[in-house]
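Structure file protein-v7.csv with CSV, C-alpha atoms:
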chain,number,residue,atom,x,y,z
A,239,MET,CA,81.4,26.0,109.3
A,240,ASN,CA,83.8,28.8,110.1
A,241,VAL,CA,87.4,29.2,108.8
A,242,ASN,CA,88.9,28.1,112.1
A,243,SER,CA,87.0,24.8,112.1
A,244,LEU,CA,88.3,24.0,108.6
A,245,TRP,CA,91.7,23.5,110.0
A,246,GLU,CA,90.4,20.8,112.3
A,247,TYR,CA,90.5,18.5,109.3
A,248,ALA,CA,94.3,18.9,109.2
A,249,ASN,CA,94.2,16.5,112.2
A,250,PRO,CA,94.8,13.1,110.7
A,251,LYS,CA,92.4,11.3,113.2
A,252,LYS,CA,89.7,13.8,112.5
A,253,PHE,CA,90.2,13.5,108.8
A,254,ILE,CA,89.9,9.7,108.9
A,255,ARG,CA,86.8,9.9,111.2
A,256,THR,CA,85.1,12.4,108.9
A,257,THR,CA,85.9,10.5,105.7
A,258,ASP,CA,84.7,7.3,107.3
A,259,ARG,CA,81.3,9.0,107.3
A,260,VAL,CA,81.2,10.7,104.0
A,261,LEU,CA,83.2,8.4,101.7
A,262,PRO,CA,80.5,5.8,101.1
A,263,SER,CA,77.9,8.3,100.0
A,264,ILE,CA,80.4,10.1,97.7
A,265,SER,CA,81.5,6.8,96.2
A,266,VAL,CA,77.9,5.7,95.5
A,267,LEU,CA,77.0,9.0,94.0
A,268,ALA,CA,80.1,9.0,91.9
A,269,VAL,CA,79.3,5.6,90.4
A,270,LEU,CA,75.7,6.5,89.8
A,271,CYS,CA,76.6,9.8,88.0
A,272,LEU,CA,79.4,8.2,86.0
A,273,VAL,CA,77.3,5.2,84.9
A,274,THR,CA,74.3,7.3,84.1
A,275,GLY,CA,76.3,10.0,82.2
A,276,LEU,CA,78.3,7.5,80.2
A,277,LEU,CA,75.4,5.1,79.4
A,278,TRP,CA,73.2,8.1,78.4
A,279,GLY,CA,75.9,9.5,76.2
A,280,PHE,CA,76.9,6.2,74.6
A,281,PHE,CA,73.4,4.7,74.0
A,282,PHE,CA,70.9,7.4,74.0
A,283,THR,CA,72.4,10.4,72.2
A,284,PRO,CA,72.3,10.9,68.4
A,285,ASP,CA,75.2,11.2,66.1
A,286,ASP,CA,76.5,14.7,65.2
A,287,TYR,CA,75.8,15.8,61.6
A,288,ARG,CA,79.6,16.4,61.0
A,289,GLN,CA,81.4,14.3,63.6
A,290,GLY,CA,79.1,11.2,63.3
A,291,SER,CA,79.3,8.9,66.3
A,292,THR,CA,82.7,10.2,67.4
A,293,VAL,CA,80.8,12.9,69.2
A,294,LYS,CA,80.2,10.3,71.9
A,295,ILE,CA,83.9,10.6,72.9
A,296,ILE,CA,83.0,14.0,74.3
A,297,TYR,CA,81.5,12.3,77.4
A,298,LEU,CA,85.0,11.0,78.3
A,299,HIS,CA,87.3,13.7,76.8
A,300,VAL,CA,85.7,16.8,78.3
A,301,PRO,CA,85.3,15.6,81.9
A,302,SER,CA,88.7,14.0,82.0
A,303,ALA,CA,90.4,17.1,80.6
A,304,LEU,CA,88.5,19.3,83.1
A,305,MET,CA,89.7,17.0,86.0
A,306,ALA,CA,93.3,16.8,84.7
A,307,ILE,CA,93.6,20.6,85.0
A,308,ASN,CA,91.5,21.0,88.2
A,309,ALA,CA,93.3,18.1,90.0
A,310,TRP,CA,96.6,20.1,89.5
A,311,LEU,CA,94.9,23.3,90.8
A,312,MET,CA,93.7,21.3,93.8
A,313,MET,CA,97.3,20.1,94.4
A,314,LEU,CA,98.4,23.7,94.1
A,315,ILE,CA,96.0,24.8,96.8
A,316,THR,CA,97.0,22.0,99.2
A,317,SER,CA,100.7,22.5,98.4
A,318,LEU,CA,100.3,26.2,99.3
A,319,ILE,CA,98.6,25.2,102.6
A,320,TRP,CA,101.6,22.9,103.3
A,321,ILE,CA,104.1,25.7,102.5
A,322,VAL,CA,102.3,28.3,104.7
A,323,ARG,CA,100.8,26.2,107.5
A,324,ARG,CA,102.8,22.9,107.5
A,325,HIS,CA,99.7,20.7,107.7
A,326,HIS,CA,100.8,17.2,106.8
A,327,VAL,CA,97.3,16.1,105.6
A,328,SER,CA,97.3,18.8,102.9
A,329,ALA,CA,100.7,17.7,101.6
A,330,LEU,CA,99.5,14.1,101.6
A,331,ALA,CA,96.2,15.1,99.8
A,332,ALA,CA,98.3,16.6,97.0
A,333,ARG,CA,100.4,13.4,96.9
A,334,ALA,CA,97.2,11.3,96.8
A,335,ALA,CA,95.7,13.4,94.0
A,336,ALA,CA,98.7,13.2,91.6
A,337,PRO,CA,98.2,9.6,90.2
A,338,VAL,CA,94.4,10.3,89.8
A,339,GLY,CA,95.2,13.5,87.9
A,340,ALA,CA,97.8,11.8,85.8
A,341,VAL,CA,95.2,9.1,84.8
A,342,MET,CA,92.7,11.9,83.9
A,343,THR,CA,95.4,13.5,81.7
A,344,VAL,CA,96.1,10.2,79.9
A,345,ILE,CA,92.4,9.7,79.3
A,346,ALA,CA,92.1,13.2,77.9
A,347,LEU,CA,95.2,12.8,75.7
A,348,VAL,CA,94.2,9.3,74.4
A,349,THR,CA,90.5,10.1,73.7
A,350,GLY,CA,91.6,13.4,72.1
A,351,ALA,CA,94.0,11.5,69.8
A,352,ILE,CA,91.4,8.8,69.0
A,353,TRP,CA,88.9,11.5,68.1
A,354,GLY,CA,91.5,13.6,66.2
A,355,GLN,CA,92.6,10.9,63.8
A,356,PRO,CA,89.3,10.7,61.9
A,357,MET,CA,88.3,14.3,62.4
A,358,TRP,CA,91.6,16.2,61.9
A,359,GLY,CA,93.3,13.4,59.9
A,360,THR,CA,96.1,13.1,62.6
A,361,TRP,CA,96.5,11.5,66.0
A,362,TRP,CA,98.6,14.4,67.2
A,363,ALA,CA,99.4,18.1,66.4
A,364,TRP,CA,101.8,20.4,68.2
A,365,ASP,CA,98.8,22.6,68.9
A,366,PRO,CA,99.2,25.0,72.0
A,367,ARG,CA,96.5,23.2,74.0
A,368,LEU,CA,97.7,19.7,73.2
A,369,THR,CA,101.3,20.6,73.8
A,370,SER,CA,100.6,22.3,77.2
A,371,PHE,CA,98.5,19.2,78.1
A,372,LEU,CA,101.4,16.9,77.3
A,373,ILE,CA,103.8,19.0,79.4
A,374,LEU,CA,101.2,18.9,82.2
A,375,PHE,CA,101.3,15.1,82.0
A,376,LEU,CA,105.1,15.2,82.2
A,377,PHE,CA,104.8,17.4,85.3
A,378,TYR,CA,102.5,14.8,86.9
A,379,LEU,CA,105.1,12.1,86.3
A,380,GLY,CA,107.8,14.3,87.7
A,381,TYR,CA,105.8,15.1,90.7
A,382,ILE,CA,105.0,11.4,91.5
A,383,ALA,CA,108.6,10.4,90.9
A,384,LEU,CA,109.9,13.2,93.2
A,385,TRP,CA,107.7,12.0,96.1
A,386,GLU,CA,109.0,8.4,95.6
A,387,ALA,CA,112.6,9.5,95.3
A,388,ILE,CA,112.9,11.3,98.6
A,389,GLU,CA,112.8,9.4,101.9
A,390,ASN,CA,112.2,12.3,104.2
A,391,ASP,CA,108.5,13.1,104.0
A,392,ASP,CA,108.8,16.8,104.9
A,393,THR,CA,111.6,17.4,102.4
A,394,ALA,CA,109.6,15.6,99.7
A,395,ALA,CA,106.5,17.7,100.5
A,396,ASP,CA,108.6,20.9,100.3
A,397,LEU,CA,110.2,20.0,96.9
A,398,THR,CA,107.0,18.7,95.3
A,399,SER,CA,105.1,21.8,96.5
A,400,ILE,CA,107.6,23.9,94.6
A,401,LEU,CA,107.3,21.7,91.5
A,402,CYS,CA,103.5,22.0,91.8
A,403,LEU,CA,103.8,25.8,91.8
A,404,VAL,CA,105.9,25.7,88.6
A,405,GLY,CA,103.6,23.1,86.9
A,406,SER,CA,100.6,25.4,87.6
A,407,VAL,CA,101.7,27.6,84.7
A,408,PHE,CA,101.0,24.6,82.3
A,409,ALA,CA,97.7,23.7,84.0
A,410,LEU,CA,96.5,27.3,83.5
A,411,LEU,CA,97.9,27.3,80.0
A,412,SER,CA,96.0,24.1,79.2
A,413,ARG,CA,92.9,25.7,80.4
A,414,TYR,CA,93.2,29.1,78.6
A,415,ALA,CA,95.3,28.3,75.6
A,416,VAL,CA,92.2,28.1,73.3
A,417,LEU,CA,91.2,31.6,74.3
A,418,PHE,CA,94.3,33.5,73.4
A,419,TRP,CA,96.1,31.2,70.9
A,420,ASN,CA,94.2,31.1,67.7
A,421,GLN,CA,96.6,29.1,65.5
A,422,GLY,CA,95.9,25.8,67.1
A,423,LEU,CA,93.6,23.0,65.8
A,424,HIS,CA,91.8,22.6,69.1
A,425,GLN,CA,88.3,24.1,69.0
A,426,GLY,CA,86.9,26.4,71.7
A,427,ALA,CA,85.3,25.3,75.0
A,428,SER,CA,82.4,22.8,74.7
A,429,LEU,CA,80.7,24.3,77.8
A,430,SER,CA,80.1,27.9,78.6
A,431,LEU,CA,78.0,30.0,80.9
A,432,ASP,CA,76.8,31.8,77.8
A,433,ALA,CA,73.9,29.7,76.5
A,434,GLU,CA,74.6,30.9,72.9
A,435,GLU,CA,78.0,29.3,72.9
A,436,ASN,CA,76.9,26.0,74.5
A,437,ILE,CA,76.5,22.7,72.6
A,438,SER,CA,73.0,21.5,72.0
A,439,ASP,CA,71.0,20.3,75.0
A,440,VAL,CA,70.8,16.8,73.7
A,441,PHE,CA,74.6,16.5,74.2
A,442,TRP,CA,74.9,19.0,77.0
A,443,LEU,CA,72.7,17.2,79.6
A,444,PRO,CA,74.5,13.8,79.6
A,445,LEU,CA,77.8,15.7,79.5
A,446,VAL,CA,77.0,17.6,82.7
A,447,VAL,CA,76.0,14.3,84.4
A,448,SER,CA,79.3,12.7,83.2
A,449,ILE,CA,81.3,15.7,84.4
A,450,ALA,CA,79.6,15.4,87.8
A,451,GLY,CA,80.6,11.7,87.8
A,452,PHE,CA,84.2,12.5,87.1
A,453,VAL,CA,84.3,15.2,89.8
A,454,LEU,CA,82.8,12.9,92.4
A,455,LEU,CA,85.1,10.0,91.3
A,456,PHE,CA,88.1,12.3,91.8
A,457,VAL,CA,86.9,13.5,95.2
A,458,ALA,CA,86.2,9.9,96.4
A,459,LEU,CA,89.5,8.6,95.1
A,460,VAL,CA,91.5,11.5,96.6
A,461,LEU,CA,89.8,11.1,100.0
A,462,TYR,CA,90.4,7.4,100.0
A,463,ARG,CA,94.0,7.7,98.9
A,464,THR,CA,94.7,10.5,101.4
A,465,ARG,CA,93.6,8.1,104.2
A,466,THR,CA,96.1,5.6,102.8
A,467,GLU,CA,98.9,8.2,102.7
A,468,ILE,CA,98.2,9.2,106.3
A,469,ARG,CA,98.5,5.5,107.3
A,470,ALA,CA,101.6,5.1,105.2
A,471,ARG,CA,103.2,8.1,106.9
A,472,ARG,CA,102.5,6.6,110.3
A,473,LEU,CA,103.9,3.2,109.1
A,474,HIS,CA,107.0,5.0,107.8
A,475,ALA,CA,107.5,6.7,111.2
A,476,LEU,CA,107.1,3.4,113.1
A,477,SER,CA,109.5,1.6,110.7
A,478,LEU,CA,112.1,4.3,111.3
A,479,ARG,CA,111.6,4.0,115.1
A,480,GLU,CA,112.1,0.2,114.9
A,481,ARG,CA,115.3,0.6,112.9
A,482,LEU,CA,116.7,3.0,115.4
A,483,ALA,CA,115.8,0.9,118.4
B,1398,MET,CA,71.3,-2.9,72.3
B,1399,ILE,CA,74.6,-1.6,71.0
B,1400,PRO,CA,74.0,1.6,69.0
B,1401,ASP,CA,74.9,1.8,65.4
B,1402,LEU,CA,78.2,3.6,65.5
B,1403,GLY,CA,78.7,3.6,61.7
B,1404,ARG,CA,82.2,4.0,60.2
B,1405,TYR,CA,83.6,5.3,63.5
B,1406,ALA,CA,82.7,2.2,65.6
B,1407,PHE,CA,86.3,1.2,66.2
B,1408,GLU,CA,87.4,4.7,67.4
B,1409,VAL,CA,84.4,5.2,69.8
B,1410,THR,CA,84.7,1.7,71.2
B,1411,LEU,CA,88.5,2.1,71.6
B,1412,ALA,CA,88.0,5.4,73.4
B,1413,TYR,CA,85.5,3.9,75.9
B,1414,GLY,CA,87.5,0.7,76.4
B,1415,VAL,CA,90.8,2.5,77.1
B,1416,SER,CA,89.2,5.1,79.4
B,1417,LEU,CA,87.1,2.6,81.5
B,1418,GLY,CA,90.2,0.4,81.7
B,1419,LEU,CA,92.3,3.3,83.1
B,1420,ILE,CA,89.6,4.3,85.6
B,1421,ALA,CA,89.3,0.7,86.7
B,1422,GLY,CA,93.1,0.4,87.0
B,1423,VAL,CA,93.5,3.5,89.2
B,1424,VAL,CA,90.6,2.4,91.5
B,1425,LEU,CA,92.0,-1.2,91.8
B,1426,LEU,CA,95.6,0.0,92.5
B,1427,SER,CA,94.2,2.4,95.1
B,1428,VAL,CA,92.3,-0.3,96.9
B,1429,LEU,CA,95.2,-2.8,96.8
B,1430,ARG,CA,97.7,-0.2,98.2
B,1431,ALA,CA,95.2,0.8,100.9
B,1432,ARG,CA,94.8,-2.8,102.0
B,1433,ARG,CA,98.5,-3.5,102.0
B,1434,VAL,CA,99.3,-0.3,104.0
B,1435,ALA,CA,96.5,-1.0,106.5
B,1436,ARG,CA,97.8,-4.6,107.0
B,1437,ASP,CA,101.4,-3.5,107.4
B,1438,LEU,CA,100.4,-0.7,109.8
B,1439,ASP,CA,98.4,-3.1,112.0
B,1440,ALA,CA,101.4,-5.4,112.2
B,1441,ALA,CA,103.7,-2.5,113.1
B,1442,GLU,CA,101.3,-1.2,115.7
B,1443,GLY,CA,101.1,-4.8,117.1
B,1444,ARG,CA,104.9,-5.0,117.4
B,1445,ARG,CA,105.0,-1.6,119.1
B,1446,ALA,CA,102.4,-2.6,121.6
B,1447,ARG,CA,104.2,-5.8,122.4
B,1448,ASP,CA,107.5,-4.0,122.8
B,1449,GLU,CA,106.0,-1.5,125.2
B,1450,ASP,CA,104.5,-4.3,127.4
Could you render the structure as structure tokens?
Amino acid sequence: MNVNSLWEYANPKKFIRTTDRVLPSISVLAVLCLVTGLLWGFFFTPDDYRQGSTVKIIYLHVPSALMAINAWLMMLITSLIWIVRRHHVSALAARAAAPVGAVMTVIALVTGAIWGQPMWGTWWAWDPRLTSFLILFLFYLGYIALWEAIENDDTAADLTSILCLVGSVFALLSRYAVLFWNQGLHQGASLSLDAEENISDVFWLPLVVSIAGFVLLFVALVLYRTRTEIRARRLHALSLRERLA
Amino acid sequence: MIPDLGRYAFEVTLAYGVSLGLIAGVVLLSVLRARRVARDLDAAEGRRARDED
């Protein structure tokens, strides 16, 4: 695929035709990976010698936190495409991704709090990573609310794209806070390209499968929801035409 | 079948319950909205086709 052909998918009809073909496979793969990763992690992994069975929360917390940040970065890329090239599908893809990213952020925050209570002795701490994650969640809510509040789709896409650019600071901060802020409670990354720093294989393998499941679930949901947004935009245009007639 | 989760059984079960509930919720809402929009769009396209005839 060359770069020129990538822009063909900015055509709503082409996008819907293509997703008609790929969406079933991605959805099935997502369910398979998610079910395998979570069942493997919940039923077939041992307790950690310090964390006990709470280590099983890692199979939800790490993938959801990863997707919460990466969903915003995906929205950043599609927002930039909207700003530069004015492709409606890219703006609608960002809109479609926001509720999914918000749910991932809630899962990461809730599972982190449930794990933190027995391990840290508190549900919440104003730790740099936790705080930047909470702010990221508020940005998700603001982004969704802004889309809903503005009737003109192009104006909404413009304003939400700007909001997305600003919110990216907190998405990146959430990702890298553990590396340069040492005073927080949150530990370092659970996954690393450096084998020395990685968690043990017995936890790592089901975690990778679970991450694959969350990534595929996100992709499937965003493609599915983008199709809905394309149809909703068409419906909005037809309704306006009826009102003016 | 259920593994022995020891003293943290409540926390682990709660984390899985809430997370799976949220995932099911976003999937369900996405499907319901897609169906509603598709139905409304079909109706609007039908009205447009009739008006043009």
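For chain B, the residues within 8 Å of chain A are Ile1399, Pro1400, Leu1402, Gly1403, Tyr1405, Ala1406, Glu1408, Val1409, Leu1411, Ala1412, Tyr1413, Val1415, Ser1416, Leu1419, Ile1420, Val1423, Val1424, Ser1427, Arg1430, Ala1431, Val1434, Ala1435, Asp1437, Leu1438, Ala1441 and Glu1442 of chain B, with only C-alpha atoms used to measure distance.
For the set A:Val447, A:Phe371, A:Leu461, A:Val453, the residue with the smallest atom-to-atom gap to Gly279 in chain A is A:Val447, counting all atoms listed in the file.
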field: Selection: 8 Å around range 394-408 of chain A, only C-alpha atoms, excl. self and same-chain fewer than 4 positions, as a PyMOL selection string
entry: chain A and resi 310-311+313-314+317-318+320-321+329-330+370-371+373-374+377+381+384-385+388-390+412
note - CA of Pro366 in chain A and CA of Ala336 in chain A are separated by 22.9 Å
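For the pair CA of Ala309 in chain A and CA of Val260 in chain A, the interatomic distance is 19.9 Å.
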As a check of understanding: the span from CA of Met305 in chain A to CA of Ser448 in chain A is 11.6 Å
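Near Gly451 in chain A, within 7 Å and counting only C-alpha atoms, sit Ala268, Val269, Cys271 and Leu272 of chain A; same-chain residues fewer than 5 positions away were not included.
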Those residues you just picked out, can you put them in a file as a JSON list (two decimals), in the coordinates of the input with C-alpha atoms?
[["chain", "number", "residue", "atom", "x", "y", "z"],
["A", 268, "ALA", "CA", 80.10, 9.00, 91.90],
["A", 269, "VAL", "CA", 79.30, 5.60, 90.40],
["A", 271, "CYS", "CA", 76.60, 9.80, 88.00],
["A", 272, "LEU", "CA", 79.40, 8.20, 86.00]]
